[in-house]
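S.K.: Below you will find the structure I want to go over with you.
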Amino acid sequence: MTPPSPSELRNTLGANLRELAKSTESVSALCRDLGINRTQFNRYLNGESFPRPDVLFRICQYFKVDARIILEPLDEIDTGSTALLAHPEISDFLLGGVVQLQESIFPSGFYRFVRRSFVDDSLFIQGLVYVYRKDDAVFLRGFEAKDAMAQQGLPATAQNREFRGLLMAQEGGVSALVSRRNSLTTSFNYFAQVPSFQNNYWVGYTVRTVRENTSSSRVARLVYEYLGRDGAKVRAAARNCGFCSEADLVPYEIKQLRIDEPFF
């Protein structure tokens with residue numbers, strides 16, 4: 001087998017970095033988090049230069065990948081996730097829900113969500129997530145709003161704000177296990193489609209994994225609105241991410257959140 005040339009290694013790394021960067025808020029934010037000059041990082045992306053070993057190590061640590069990103073296309077690197085879901089200890093219990101979540105049940109694309117704030121029950125949180133399919137599974141990713149991070153006393157870097165999740169088909173609906181990087185915080189979501197003019201709403205609840213606290217809630221009703229890939233709707237939702245008041249919600253969302261009723 002002929003070893004790859006230096007240019008082939010640079011091109012493979014560049015293609016992988018371009019794919020990995022899609023999951024970040026922006027290339028500029030990524031460079032700040034990594035401590036890498038933007039111009040130099042663009043050279044990595046374009047296959048014009050190769051990072052020093054210490055820089056490559058930071059990149060691999062950030063994206064939770066190994067040095068195979070210089071040798072193999074990202075979609076050919078086996079991360080072991082599929083093998084874990086197929087483990088005989090859990091495959092009969094979890095794998096079916098993962099592979100059965102078809103596009104017709106819960107379509108890929110952007111979703112706007114709204115729920116009551118966990119830290120201030122007089123406010124609500126609006127956010128945006130992207131749902132996508134890969135390796136016969138359905139995933140979501142998004143970023144917490146900067147003001148929500150600040151209220152929790154957490155640094156608002158893109159790396160800290162990012163969350164990802166795995167979705168599964170359930171009896172009558174969809175569930176999702178969502179976590180920030182390194183499982184810093186985790187939540188369980190469940191939602192089911194509700195009748196609407198365009199059948200683009202899902203309603204359910206989210207539960208966060210924290211200890212019981214009399215001053216804040218651990219569960220809140222949740223509304224998902226499917227935006228698909230409508231650029232105008234996605235941009236409008238992105239501009240409104242963060243805290244808002246009841247007056248900022250549309251009547252249909254207020255109705256589905258049932259904000260004056262206790263959660264059971």
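Just so we're on the same page: first chain in the structure tokens is A, next is B, and so on; residues restart at 1 for each chain, and ligands are numbered from 1 in the order they show up.
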Might you pull out every residue within 8 Å of range 247-257 of chain A, with only C-alpha atoms counted and same-chain residues fewer than 4 positions away left off, and present them as an mmCIF file with C-alpha atoms, in the first residue's frame?

M.R.:
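Listing of around.cif after writing:
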```cif
data_model
loop_
_atom_site.group_PDB
_atom_site.id
_atom_site.type_symbol
_atom_site.label_atom_id
_atom_site.label_comp_id
_atom_site.auth_asym_id
_atom_site.auth_seq_id
_atom_site.Cartn_x
_atom_site.Cartn_y
_atom_site.Cartn_z
ATOM 1 C CA VAL A 114 -40.106 27.319 23.585
ATOM 2 C CA ARG A 115 -40.486 26.406 27.251
ATOM 3 C CA VAL A 203 -45.829 19.320 22.352
ATOM 4 C CA ARG A 221 -43.803 21.853 29.162
ATOM 5 C CA LEU A 222 -42.147 22.129 25.773
ATOM 6 C CA VAL A 223 -43.337 23.138 22.293
#
```

S.K.: Near range 35-44 of chain A, counting only C-alpha atoms, which residues have an atom at most 7 Å away, once you skip same-chain residues fewer than 6 positions from it, shown as a PyMOL selection string?

M.R.: chain A and resi 14+28+50

S.K.: Based on the selection just made, write C-alpha atoms of those residues as a PDB file, in the first residue's frame.

M.R.:
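Output saved as selection.pdb:
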```pdb
ATOM      1  CA  GLY A  14      -8.968  20.017   5.542  1.00  0.00           C
ATOM      2  CA  SER A  28     -14.388  32.695  14.190  1.00  0.00           C
ATOM      3  CA  PHE A  50      -0.674  21.294   8.440  1.00  0.00           C
TER       4      PHE A  50
END
```

S.K.: So which residues touch Tyr111 in chain A within 6 Å, counting only C-alpha atoms, skipping near sequence neighbours fewer than 5 positions away, as number ranges by chain?

M.R.: A: 128-129, 225-227

S.K.: Which one of A:Gly231, A:Pro195, A:Gly153, A:Gly142 sits closest to Val178 in chain A if you count only C-alpha atoms?

M.R.: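 Selected residue with least distance to Val178 in chain A: A:Gly142.
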
S.K.: Can you tell me which residues surround Gly96 in chain A at a distance of at most 12 Å, considering only C-alpha atoms, apart from same-chain residues fewer than 3 positions away, and format the answer as a PyMOL selection string?

M.R.: chain A and resi 85-86+90-93+99-102+136-137+167-171

S.K.: Neighbouring residues of Ala21 in chain A were defined as those with any atom within 8 Å, considering only C-alpha atoms; residues of the same chain fewer than 5 positions away were excluded. Please report them as an MDAnalysis selection string.

M.R.: chainID A and resid 26:27 30

S.K.: Which of these residues is nearest to Asp121 in chain A, using only C-alpha atoms: A:Ala145, A:Ile69, A:Pro3, A:Ser217?

M.R.: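 Between A:Ala145, A:Ile69, A:Pro3, A:Ser217, the residue approaching Asp121 in chain A most closely is A:Ser217.
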
S.K.: So that I can check the surroundings of Ala232 in chain A, please list as a ChimeraX atom specification every protein, DNA and RNA residue that reaches within 12 Å of it, counting only C-alpha atoms and ignoring chain neighbours fewer than 6 positions away.

M.R.: /A:110,238-239

S.K.: Got a sec to tell me which of range 5-228 of chain A DSSP assigns to strand (DSSP E or B), as an NGL selection string?

M.R.: :A and (109-116 or 124-134 or 137-143 or 162-170 or 173-180 or 186-194 or 201-208 or 219-228)

S.K.: Just to be explicit: take each residue in the selection above, keep C-alpha atoms, and write the result as a PDB file, in the first residue's frame.

M.R.:
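So result-v9.pdb came out as:
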```pdb
ATOM      1  CA  GLY A 109     -34.432  20.203   9.538  1.00  0.00           C
ATOM      2  CA  PHE A 110     -34.632  23.140  11.923  1.00  0.00           C
ATOM      3  CA  TYR A 111     -37.025  23.357  14.854  1.00  0.00           C
ATOM      4  CA  ARG A 112     -37.859  26.321  17.042  1.00  0.00           C
ATOM      5  CA  PHE A 113     -38.665  25.438  20.633  1.00  0.00           C
ATOM      6  CA  VAL A 114     -40.106  27.319  23.585  1.00  0.00           C
ATOM      7  CA  ARG A 115     -40.486  26.406  27.251  1.00  0.00           C
ATOM      8  CA  ARG A 116     -40.700  28.111  30.620  1.00  0.00           C
ATOM      9  CA  PHE A 124     -39.629  31.720  28.842  1.00  0.00           C
ATOM     10  CA  ILE A 125     -36.776  30.371  26.709  1.00  0.00           C
ATOM     11  CA  GLN A 126     -36.868  30.352  22.919  1.00  0.00           C
ATOM     12  CA  GLY A 127     -34.278  28.280  21.088  1.00  0.00           C
ATOM     13  CA  LEU A 128     -33.344  26.655  17.801  1.00  0.00           C
ATOM     14  CA  VAL A 129     -32.181  23.097  17.124  1.00  0.00           C
ATOM     15  CA  TYR A 130     -31.150  21.246  13.989  1.00  0.00           C
ATOM     16  CA  VAL A 131     -32.312  17.643  13.552  1.00  0.00           C
ATOM     17  CA  TYR A 132     -30.332  15.430  11.173  1.00  0.00           C
ATOM     18  CA  ARG A 133     -29.835  11.781  10.282  1.00  0.00           C
ATOM     19  CA  LYS A 134     -26.543   9.902  10.192  1.00  0.00           C
ATOM     20  CA  ALA A 137     -29.809   7.331  13.768  1.00  0.00           C
ATOM     21  CA  VAL A 138     -31.416  10.723  14.388  1.00  0.00           C
ATOM     22  CA  PHE A 139     -29.527  13.467  16.192  1.00  0.00           C
ATOM     23  CA  LEU A 140     -30.078  17.077  17.166  1.00  0.00           C
ATOM     24  CA  ARG A 141     -27.695  19.893  17.961  1.00  0.00           C
ATOM     25  CA  GLY A 142     -28.036  23.476  19.044  1.00  0.00           C
ATOM     26  CA  PHE A 143     -26.595  26.228  21.213  1.00  0.00           C
ATOM     27  CA  GLU A 162     -23.325  23.618  22.382  1.00  0.00           C
ATOM     28  CA  PHE A 163     -25.632  20.710  23.136  1.00  0.00           C
ATOM     29  CA  ARG A 164     -26.391  17.541  21.198  1.00  0.00           C
ATOM     30  CA  GLY A 165     -28.876  14.747  21.556  1.00  0.00           C
ATOM     31  CA  LEU A 166     -30.096  11.373  20.343  1.00  0.00           C
ATOM     32  CA  LEU A 167     -33.750  10.954  19.340  1.00  0.00           C
ATOM     33  CA  MET A 168     -35.839   7.786  19.517  1.00  0.00           C
ATOM     34  CA  ALA A 169     -39.331   6.772  18.466  1.00  0.00           C
ATOM     35  CA  GLN A 170     -41.631   6.082  21.406  1.00  0.00           C
ATOM     36  CA  GLY A 173     -44.278  10.288  20.234  1.00  0.00           C
ATOM     37  CA  VAL A 174     -40.565  11.021  20.225  1.00  0.00           C
ATOM     38  CA  SER A 175     -38.043  11.129  23.064  1.00  0.00           C
ATOM     39  CA  ALA A 176     -34.629  12.772  23.159  1.00  0.00           C
ATOM     40  CA  LEU A 177     -31.654  12.546  25.490  1.00  0.00           C
ATOM     41  CA  VAL A 178     -29.809  15.860  25.232  1.00  0.00           C
ATOM     42  CA  SER A 179     -26.556  16.913  26.855  1.00  0.00           C
ATOM     43  CA  ARG A 180     -23.932  19.607  26.797  1.00  0.00           C
ATOM     44  CA  THR A 186     -28.418  16.472  30.599  1.00  0.00           C
ATOM     45  CA  SER A 187     -32.148  16.603  29.952  1.00  0.00           C
ATOM     46  CA  PHE A 188     -34.814  14.158  28.848  1.00  0.00           C
ATOM     47  CA  ASN A 189     -37.408  15.394  26.379  1.00  0.00           C
ATOM     48  CA  TYR A 190     -40.662  13.844  25.205  1.00  0.00           C
ATOM     49  CA  PHE A 191     -43.036  15.326  22.656  1.00  0.00           C
ATOM     50  CA  ALA A 192     -45.858  14.221  20.388  1.00  0.00           C
ATOM     51  CA  GLN A 193     -47.326  15.809  17.285  1.00  0.00           C
ATOM     52  CA  VAL A 194     -50.506  17.809  17.815  1.00  0.00           C
ATOM     53  CA  TYR A 201     -46.115  21.405  16.091  1.00  0.00           C
ATOM     54  CA  TRP A 202     -44.967  18.877  18.682  1.00  0.00           C
ATOM     55  CA  VAL A 203     -45.829  19.320  22.352  1.00  0.00           C
ATOM     56  CA  GLY A 204     -44.434  17.597  25.420  1.00  0.00           C
ATOM     57  CA  TYR A 205     -42.100  18.288  28.292  1.00  0.00           C
ATOM     58  CA  THR A 206     -38.453  18.429  29.282  1.00  0.00           C
ATOM     59  CA  VAL A 207     -36.875  17.233  32.517  1.00  0.00           C
ATOM     60  CA  ARG A 208     -33.434  18.296  33.664  1.00  0.00           C
ATOM     61  CA  VAL A 219     -39.660  19.960  34.559  1.00  0.00           C
ATOM     62  CA  ALA A 220     -41.398  22.220  32.049  1.00  0.00           C
ATOM     63  CA  ARG A 221     -43.803  21.853  29.162  1.00  0.00           C
ATOM     64  CA  LEU A 222     -42.147  22.129  25.773  1.00  0.00           C
ATOM     65  CA  VAL A 223     -43.337  23.138  22.293  1.00  0.00           C
ATOM     66  CA  TYR A 224     -41.425  22.337  19.109  1.00  0.00           C
ATOM     67  CA  GLU A 225     -42.294  24.092  15.838  1.00  0.00           C
ATOM     68  CA  TYR A 226     -40.935  22.585  12.627  1.00  0.00           C
ATOM     69  CA  LEU A 227     -39.286  25.189  10.388  1.00  0.00           C
ATOM     70  CA  GLY A 228     -37.700  22.780   7.928  1.00  0.00           C
TER      71      GLY A 228
END
```
